Structure formats: structure tokens, C-alpha cells
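As provided, coords26.txt (compact mmCIF, C-alpha atoms and all ligand atoms) reads as follows.
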```
# COMPACT_ATOMS: atom_id res chain seq x y z
CA MET A 28 -32.38 11.94 5.82
CA SER A 29 -28.71 12.24 6.69
CA ILE A 30 -26.78 15.20 5.31
CA PRO A 31 -23.14 14.39 4.52
CA ILE A 32 -20.74 16.54 6.48
CA TYR A 33 -17.28 17.12 5.09
CA THR A 34 -14.28 17.86 7.27
CA PHE A 35 -11.14 19.55 5.95
CA SER A 36 -8.31 19.02 8.41
CA GLY A 37 -4.96 20.73 8.30
CA ALA A 38 -2.61 18.01 9.49
CA LEU A 39 0.92 16.65 9.70
CA ALA A 40 0.01 13.82 7.32
CA GLY A 41 -2.76 13.42 4.80
CA ASN A 42 -4.01 12.79 1.26
CA TRP A 43 -3.34 16.29 -0.14
CA ARG A 44 0.00 18.09 0.17
CA VAL A 45 -0.26 21.84 0.76
CA ALA A 46 1.66 23.51 -2.07
CA GLN A 47 0.76 27.07 -1.08
CA MET A 48 -1.31 28.74 1.60
CA ASP A 49 -2.09 32.45 1.59
CA SER A 50 -4.21 34.52 3.88
CA ILE A 51 -6.09 36.86 1.53
CA LEU A 52 -8.15 38.75 4.14
CA GLY A 53 -8.52 38.44 7.92
CA PRO A 54 -6.76 36.04 10.27
CA ALA A 55 -4.64 33.29 8.71
CA LEU A 56 -4.94 29.58 9.49
CA GLU A 57 -1.97 27.91 11.14
CA PRO A 58 0.40 26.64 8.43
CA VAL A 59 0.22 22.88 7.81
CA PRO A 60 2.05 20.52 5.45
CA PHE A 61 -1.00 18.37 4.57
CA LEU A 62 -4.78 18.48 4.26
CA ASN A 63 -7.19 15.60 4.83
CA VAL A 64 -10.66 15.64 3.33
CA THR A 65 -13.10 13.27 5.01
CA SER A 66 -16.85 12.82 5.04
CA GLY A 67 -19.06 11.65 7.84
CA THR A 68 -18.52 12.28 11.52
CA LEU A 69 -14.98 11.30 12.33
CA THR A 70 -13.17 11.90 15.56
CA SER A 71 -10.19 14.14 14.95
CA GLU A 72 -6.83 12.48 14.89
CA SER A 73 -3.95 13.61 17.05
CA LYS A 74 -2.02 14.76 13.99
CA THR A 75 -4.75 17.29 13.16
CA VAL A 76 -3.78 20.95 13.60
CA TRP A 77 -7.18 22.49 12.63
CA SER A 78 -10.49 21.23 11.24
CA LEU A 79 -13.13 23.03 9.20
CA ARG A 80 -16.56 21.48 8.63
CA GLY A 81 -19.26 22.10 6.05
CA VAL A 82 -22.34 20.51 4.54
CA VAL A 83 -23.51 20.34 0.95
CA SER A 84 -26.78 22.24 1.06
CA HIS A 85 -29.47 23.24 -1.41
CA GLU A 86 -28.74 25.98 -3.92
CA ARG A 87 -29.88 29.47 -2.99
CA TYR A 88 -29.37 31.63 -6.05
CA VAL A 89 -29.34 29.69 -9.32
CA ASN A 90 -32.30 30.11 -11.65
CA ARG A 91 -33.66 27.27 -13.81
CA THR A 92 -31.46 28.04 -16.83
CA GLU A 93 -28.30 28.24 -14.72
CA LYS A 94 -29.20 25.09 -12.82
CA ASN A 95 -29.64 23.17 -16.08
CA LEU A 96 -26.40 24.54 -17.54
CA LEU A 97 -24.49 23.58 -14.40
CA ALA A 98 -26.04 20.12 -14.29
CA ALA A 99 -25.12 19.53 -17.93
CA SER A 100 -21.50 20.67 -17.68
CA SER A 101 -20.30 20.10 -14.10
CA PRO A 102 -17.78 17.28 -13.78
CA VAL A 103 -17.54 14.91 -10.85
CA LEU A 104 -14.79 15.29 -8.27
CA GLY A 105 -11.96 12.78 -8.18
CA ARG A 106 -11.09 12.65 -11.90
CA SER A 107 -7.69 10.97 -12.25
CA GLN A 108 -6.11 13.94 -14.08
CA ASP A 109 -7.23 16.40 -11.39
CA VAL A 110 -4.14 16.26 -9.20
CA CYS A 111 -4.45 19.95 -8.25
CA ALA A 112 -6.99 21.27 -5.78
CA ALA A 113 -7.86 24.49 -3.98
CA LEU A 114 -9.61 24.95 -0.66
CA ILE A 115 -10.80 28.53 -0.23
CA PRO A 116 -12.66 29.10 3.06
CA ILE A 117 -14.68 32.32 2.96
CA LYS A 118 -16.58 34.40 5.49
CA LYS A 119 -18.96 37.18 4.45
CA SER A 120 -19.92 40.24 6.48
CA GLU A 121 -23.02 40.83 8.60
CA ALA A 122 -24.02 43.43 5.96
CA TRP A 123 -24.25 40.56 3.42
CA TRP A 124 -26.31 38.32 5.67
CA SER A 125 -28.70 41.11 6.58
CA LEU A 126 -29.67 41.58 2.90
CA PRO A 127 -32.80 39.88 1.58
CA GLN A 128 -32.31 36.92 -0.79
CA ASP A 129 -33.20 38.85 -3.97
CA GLU A 130 -30.60 41.54 -3.25
CA ARG A 131 -27.90 38.93 -2.53
CA ARG A 132 -28.72 37.20 -5.81
CA ALA A 133 -28.50 40.54 -7.66
CA ILE A 134 -25.05 41.24 -6.22
CA LEU A 135 -23.80 37.69 -6.86
CA GLU A 136 -25.02 37.38 -10.43
CA GLU A 137 -26.43 40.53 -12.03
CA GLN A 138 -23.61 42.73 -10.62
CA SER A 139 -20.76 40.21 -10.32
CA GLN A 140 -21.56 37.52 -12.94
CA HIS A 141 -20.30 34.86 -10.52
CA ILE A 142 -22.36 32.12 -12.14
CA SER A 143 -22.08 33.13 -15.82
CA VAL A 144 -18.31 33.70 -15.60
CA GLY A 145 -17.87 30.56 -13.45
CA LEU A 146 -19.71 28.49 -16.05
CA LYS A 147 -16.93 29.25 -18.56
CA TYR A 148 -14.53 27.31 -16.33
CA VAL A 149 -16.49 24.06 -16.23
CA PRO A 150 -15.86 21.25 -17.01
CA ALA A 151 -12.13 22.16 -16.61
CA ILE A 152 -12.72 22.93 -12.93
CA ALA A 153 -14.68 20.52 -10.73
CA ARG A 154 -16.24 22.10 -7.64
CA ARG A 155 -18.20 21.48 -4.47
CA LEU A 156 -19.61 24.21 -2.24
CA HIS A 157 -19.91 23.50 1.49
CA HIS A 158 -22.01 25.65 3.83
CA SER A 159 -20.57 26.20 7.31
CA ARG A 160 -22.27 29.27 8.73
CA ASP A 161 -25.18 27.46 10.37
CA LEU A 162 -22.75 25.00 11.99
CA GLY A 163 -21.21 27.88 13.97
CA GLU A 164 -17.93 27.50 12.08
CA PRO A 165 -15.33 30.27 11.67
CA PHE A 166 -16.04 30.49 7.90
CA ASP A 167 -19.43 30.66 6.11
CA PHE A 168 -18.31 28.59 3.11
CA LEU A 169 -15.64 26.03 2.30
CA THR A 170 -15.17 26.18 -1.45
CA TRP A 171 -13.38 23.18 -2.98
CA PHE A 172 -12.04 22.84 -6.52
CA GLU A 173 -10.15 20.13 -8.42
CA PHE A 174 -8.40 20.53 -11.77
CA ALA A 175 -5.57 19.28 -13.95
CA PRO A 176 -2.19 21.11 -13.92
CA GLU A 177 -2.90 22.64 -17.36
CA HIS A 178 -5.84 24.55 -15.86
CA ILE A 179 -3.92 26.17 -12.98
CA LYS A 180 -3.67 29.44 -14.92
CA ALA A 181 -7.38 29.47 -15.79
CA PHE A 182 -8.29 28.85 -12.15
CA GLU A 183 -6.00 31.71 -11.08
CA GLU A 184 -7.70 34.00 -13.62
CA LEU A 185 -11.14 33.12 -12.24
CA VAL A 186 -10.14 33.69 -8.60
CA THR A 187 -8.49 37.00 -9.52
CA TYR A 188 -11.67 38.08 -11.34
CA LEU A 189 -13.99 37.13 -8.47
CA ARG A 190 -11.88 39.14 -6.02
CA THR A 191 -12.56 42.31 -8.04
CA THR A 192 -16.36 41.92 -7.96
CA ALA A 193 -19.09 43.68 -5.96
CA GLU A 194 -19.77 40.33 -4.25
CA TRP A 195 -16.24 40.21 -2.82
CA LYS A 196 -16.74 43.59 -1.07
CA TYR A 197 -18.73 41.53 1.43
CA VAL A 198 -15.90 39.04 2.03
CA VAL A 199 -14.30 39.66 5.44
CA ARG A 200 -12.11 36.57 5.72
CA GLU A 201 -10.56 34.43 3.01
CA VAL A 202 -7.73 31.90 3.08
CA ASP A 203 -6.45 30.26 -0.10
CA LEU A 204 -4.86 26.81 0.06
CA ARG A 205 -3.46 25.15 -3.05
CA LEU A 206 -2.95 21.40 -2.90
CA ARG A 207 -1.39 18.50 -4.73
CA ARG A 208 -2.78 14.99 -4.51
CA VAL A 209 -0.36 12.72 -2.62
C1 LIG A 301 -15.36 27.00 -11.19
C2 LIG A 301 -16.33 27.82 -11.56
C3 LIG A 301 -17.40 28.26 -10.60
C4 LIG A 301 -18.72 28.08 -10.78
C5 LIG A 301 -19.40 27.42 -11.98
C6 LIG A 301 -19.38 28.60 -9.61
C7 LIG A 301 -20.74 28.59 -9.42
C8 LIG A 301 -21.38 28.96 -8.28
C9 LIG A 301 -22.80 28.94 -8.08
C10 LIG A 301 -23.83 28.47 -9.10
C11 LIG A 301 -23.04 29.40 -6.85
C12 LIG A 301 -24.42 29.63 -6.22
C13 LIG A 301 -24.99 28.38 -5.61
C14 LIG A 301 -26.40 28.68 -5.08
O1 LIG A 301 -27.30 28.87 -5.91
O2 LIG A 301 -26.57 28.73 -3.85
C15 LIG A 301 -21.79 29.68 -6.22
C16 LIG A 301 -21.62 30.11 -4.95
C17 LIG A 301 -20.41 30.39 -4.38
N1 LIG A 301 -19.19 30.34 -4.98
FE1 LIG A 301 -18.82 29.83 -6.88
N2 LIG A 301 -18.46 29.12 -8.75
C18 LIG A 301 -17.22 28.93 -9.31
C19 LIG A 301 -16.02 29.31 -8.77
C20 LIG A 301 -15.84 29.88 -7.52
C21 LIG A 301 -14.58 30.26 -6.96
C22 LIG A 301 -13.22 30.14 -7.66
C23 LIG A 301 -14.82 30.69 -5.68
C24 LIG A 301 -13.87 31.19 -4.65
C25 LIG A 301 -12.78 31.90 -4.91
C26 LIG A 301 -16.25 30.59 -5.46
C27 LIG A 301 -16.90 30.90 -4.30
C28 LIG A 301 -18.24 30.76 -4.09
C29 LIG A 301 -18.88 31.10 -2.83
C30 LIG A 301 -18.23 31.61 -1.55
C31 LIG A 301 -20.24 30.85 -3.02
C32 LIG A 301 -21.36 31.06 -2.00
C33 LIG A 301 -21.92 32.41 -2.19
C34 LIG A 301 -23.05 32.70 -1.23
O3 LIG A 301 -23.94 31.84 -1.05
O4 LIG A 301 -23.04 33.81 -0.67
N3 LIG A 301 -16.83 30.11 -6.61
N4 LIG A 301 -20.79 29.43 -7.12
```
Any chance you could put this one into C-alpha cells?
Ligand code: HEM
Amino acid sequence: MSIPIYTFSGALAGNWRVAQMDSILGPALEPVPFLNVTSGTLTSESKTVWSLRGVVSHERYVNRTEKNLLAASSPVLGRSQDVCAALIPIKKSEAWWSLPQDERRAILEEQSQHISVGLKYVPAIARRLHHSRDLGEPFDFLTWFEFAPEHIKAFEELVTYLRTTAEWKYVVREVDLRLRRV
């Protein structure tokens, strides 16, 4: 079985234009004018400034009800109206990773309502979660979202909410890139 690996490259040319890039917590990434999203193992091009890699892995925390709700309402990526995107690379602390699975789930959902609140934003927001920690990458997750311009405000509201939660107390590095399809 081959697991698709996605590479997000900050570059001097590419298929997404960087509209805004903020370092929320921890070291920033070098500013770039474009982002390229590719899948498969590609050799980096000379125009690449930085590259972040992640794989789509199995779900860790969703229960059956949540899994079914997500499956029923999650849109595909690449919808023609979704000209806006966000790449939010996130690293969590050693304290987070040292917790057992059930305690991480309790913080993510029972305390922070990440999944139940997030579900209110689909199908407006399309998403794909990439895991990077086991690849030895600088971030643990590369979170990717696509949406239409009329949902920019809703997306902002969701991100602002998540940053106030108990789960986010374990976030030690976060960069927020907002993109426009070229
Ligand atoms: C658009 C609505 C959203 C929905 C429906 C959603 C749903 C989910 C679900 C179900 C998981 C758990 C997957 C599993 O079982 O392993 C998850 C994980 C995650 N989400 Fe979201 N999410 C949303 C938005 C966001 C946003 C805006 C961010 C970033 C600002 C984010 C960051 C993450 C991260 C970092 C994880 C991994 C957590 C971990 O494994 O420790 N999510 N999300």
C-alpha cells in the first residue's frame, strides 16, 4: 500500500498566491510570494524556499457518530468556487504527546468541542489533515482548508474560537498562511 505524501512548498512561483502569512506562535517561516501543493515524491525545484511534508493518516479521535456526520457533510477539495485556502502548520508540546489517547480525545472534544464546532463549518469549508510528526518534520500537522470568498469571515471565526480552547494550550508553534488560487 502506498500512502500519498503531500508537499507544501513556499516558492517564488506556484499555484497559490500567498495573500497573508502570520506567525501565531513560535518561529516564523521565511516569507514567500507563492505556495505549491504537490502529492507524491517530487524533487524540490530550485525556486523552492521551504518545503513541509505530511501524510493523510487514519483518524485518531472521532467516534462513530462523528465519523458518520463528517463523511455525510465533508466536501471534496478543489471545488471551483473555493478560490481561498489556508495552510496552518501546527506543532503541539511534549506534554500533549505524553498524554494517553483517551485524555487527548477528552481535551480535543469534550473540553474544546473541536469536532462538534468544526462540523458547523462544513460543507462551507473543505479540509484535509496531514500528519507530519512521524516524518521528523518541524510541525506535527499541516492543516489545509479551501473555501469560497463569502466564507472567509466564518473561517476566521472558527480559527479564533479554536485558539481560545484548552486544546490550543498545547500548541507551541503555529503559522497561518492565507492563499488565493492563481
Ligand atoms: C472546518 C472545520 C473543521 C472540522 C470539521 C475539523 C475536524 C477535525 C477532526 C474530526 C479532527 C480529528 C481527526 C482524528 O480523529 O484524528 C481534527 C483534528 C485536527 N484539526 Fe480540525 N477541524 C476543523 C477545523 C480546524 C481548523 C480551522 C484548524 C486549525 C486552525 C484545525 C486543526 C486541527 C488539528 C491540528 C488537528 C489534529 C489534532 C491532533 O491530532 O492532535 N481544525 N479536526
Around ligand LIG 301 (chain A), fit a box with edges along x, y and z, padding it by 6 Å on each side, then list its centre and edge lengths in Å to one decimal as AutoDock Vina command-line options.
```
--center_x -20.0 --center_y 30.4 --center_z -6.3 --size_x 26.5 --size_y 18.8 --size_z 23.3
```
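Of the residues under consideration (A:Gln47, A:Gln108, A:Ser120, A:Asn90), A:Ser120 shows the shortest atom-to-atom contact distance to A:Arg160 when counting all atoms listed in the file.
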Could you make a table, as a Markdown table, of the residues of chain A that have an atom within 7 Å of an atom of ligand LIG 301 (chain A), each with its nearest atom pair and distance in Å to one decimal, counting only C-alpha atoms and all ligand atoms, in chain and number order?
```
| residue | atom | partner | partner_atom | distance |
| --- | --- | --- | --- | --- |
| A:His85 | CA | A:LIG301 | O2 | 6.7 |
| A:Glu86 | CA | A:LIG301 | O2 | 3.5 |
| A:Arg87 | CA | A:LIG301 | O2 | 3.5 |
| A:Tyr88 | CA | A:LIG301 | O1 | 3.5 |
| A:Val89 | CA | A:LIG301 | O1 | 4.1 |
| A:Leu97 | CA | A:LIG301 | C5 | 6.8 |
| A:Ile115 | CA | A:LIG301 | C24 | 6.0 |
| A:Ile117 | CA | A:LIG301 | C30 | 5.8 |
| A:His141 | CA | A:LIG301 | N2 | 6.3 |
| A:Ile142 | CA | A:LIG301 | C7 | 4.7 |
| A:Gly145 | CA | A:LIG301 | C2 | 3.7 |
| A:Leu146 | CA | A:LIG301 | C5 | 4.2 |
| A:Tyr148 | CA | A:LIG301 | C2 | 5.1 |
| A:Val149 | CA | A:LIG301 | C1 | 5.9 |
| A:Ile152 | CA | A:LIG301 | C1 | 5.2 |
| A:Ala153 | CA | A:LIG301 | C1 | 6.5 |
| A:Arg154 | CA | A:LIG301 | C1 | 6.1 |
| A:Leu156 | CA | A:LIG301 | C17 | 6.6 |
| A:Phe168 | CA | A:LIG301 | C30 | 5.6 |
| A:Thr170 | CA | A:LIG301 | C27 | 5.8 |
| A:Phe182 | CA | A:LIG301 | C22 | 6.8 |
| A:Leu185 | CA | A:LIG301 | C22 | 5.8 |
| A:Val186 | CA | A:LIG301 | C22 | 4.8 |
| A:Leu189 | CA | A:LIG301 | C25 | 6.4 |
```
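For the pair atom CA of A:Asn63 and atom CA of A:Val103, the interatomic distance is 18.8 Å.
With distances taken over only C-alpha atoms, A:Tyr197 is the one residue among A:Ile32, A:Leu39, A:Leu169, A:Tyr197 lying closest to A:Leu126.
Taking atom CA of A:Val83 and atom CA of A:Ser36 as the two end points, the separation is 17.0 Å.
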Query raised in the report: Which polymer residues have any atom within 6 Å of an atom of stretch 128-140 of chain A, counting all atoms listed in the file, with same-chain residues fewer than 2 positions away left out, as number ranges by chain?
Result: A: 88, 142-144, 192-194
Query raised in the report: Once you count only C-alpha atoms, which residues end up no further than 6 Å from (-18.2, 36.9, 6.5) in the file's frame, shown as an NGL selection string?
Result: :A and (118-120 or 198-199)
Query raised in the report: Using all atoms listed in the file, which of A:His158, A:Arg205, A:Lys147, A:Arg190 sits nearest A:Phe172?
Result: A:Arg205
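The interatomic distance for the pair atom CA of A:Glu57 and atom CA of A:Ala113 works out to 16.6 Å.
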Query raised in the report: Neighbours of A:Glu164 within 9 Å (only C-alpha atoms; same-chain residues fewer than 6 positions away dropped), as a PyMOL selection string?
Result: chain A and resi 79-81
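Proximity ranking of A:Arg208, A:Ile30, A:Asp203, A:Glu173 relative to A:Thr187 places A:Asp203 first, based on all atoms listed in the file.
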Report summary line: Closest of A:Trp171, A:Pro150, A:Val82, A:Pro54 to A:Leu96, counting only C-alpha atoms, is A:Pro150
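Nearest residue to A:Pro116, choosing from A:Glu93, A:Asp49, A:Asp167, A:Glu184 and counting all atoms listed in the file: A:Asp167.
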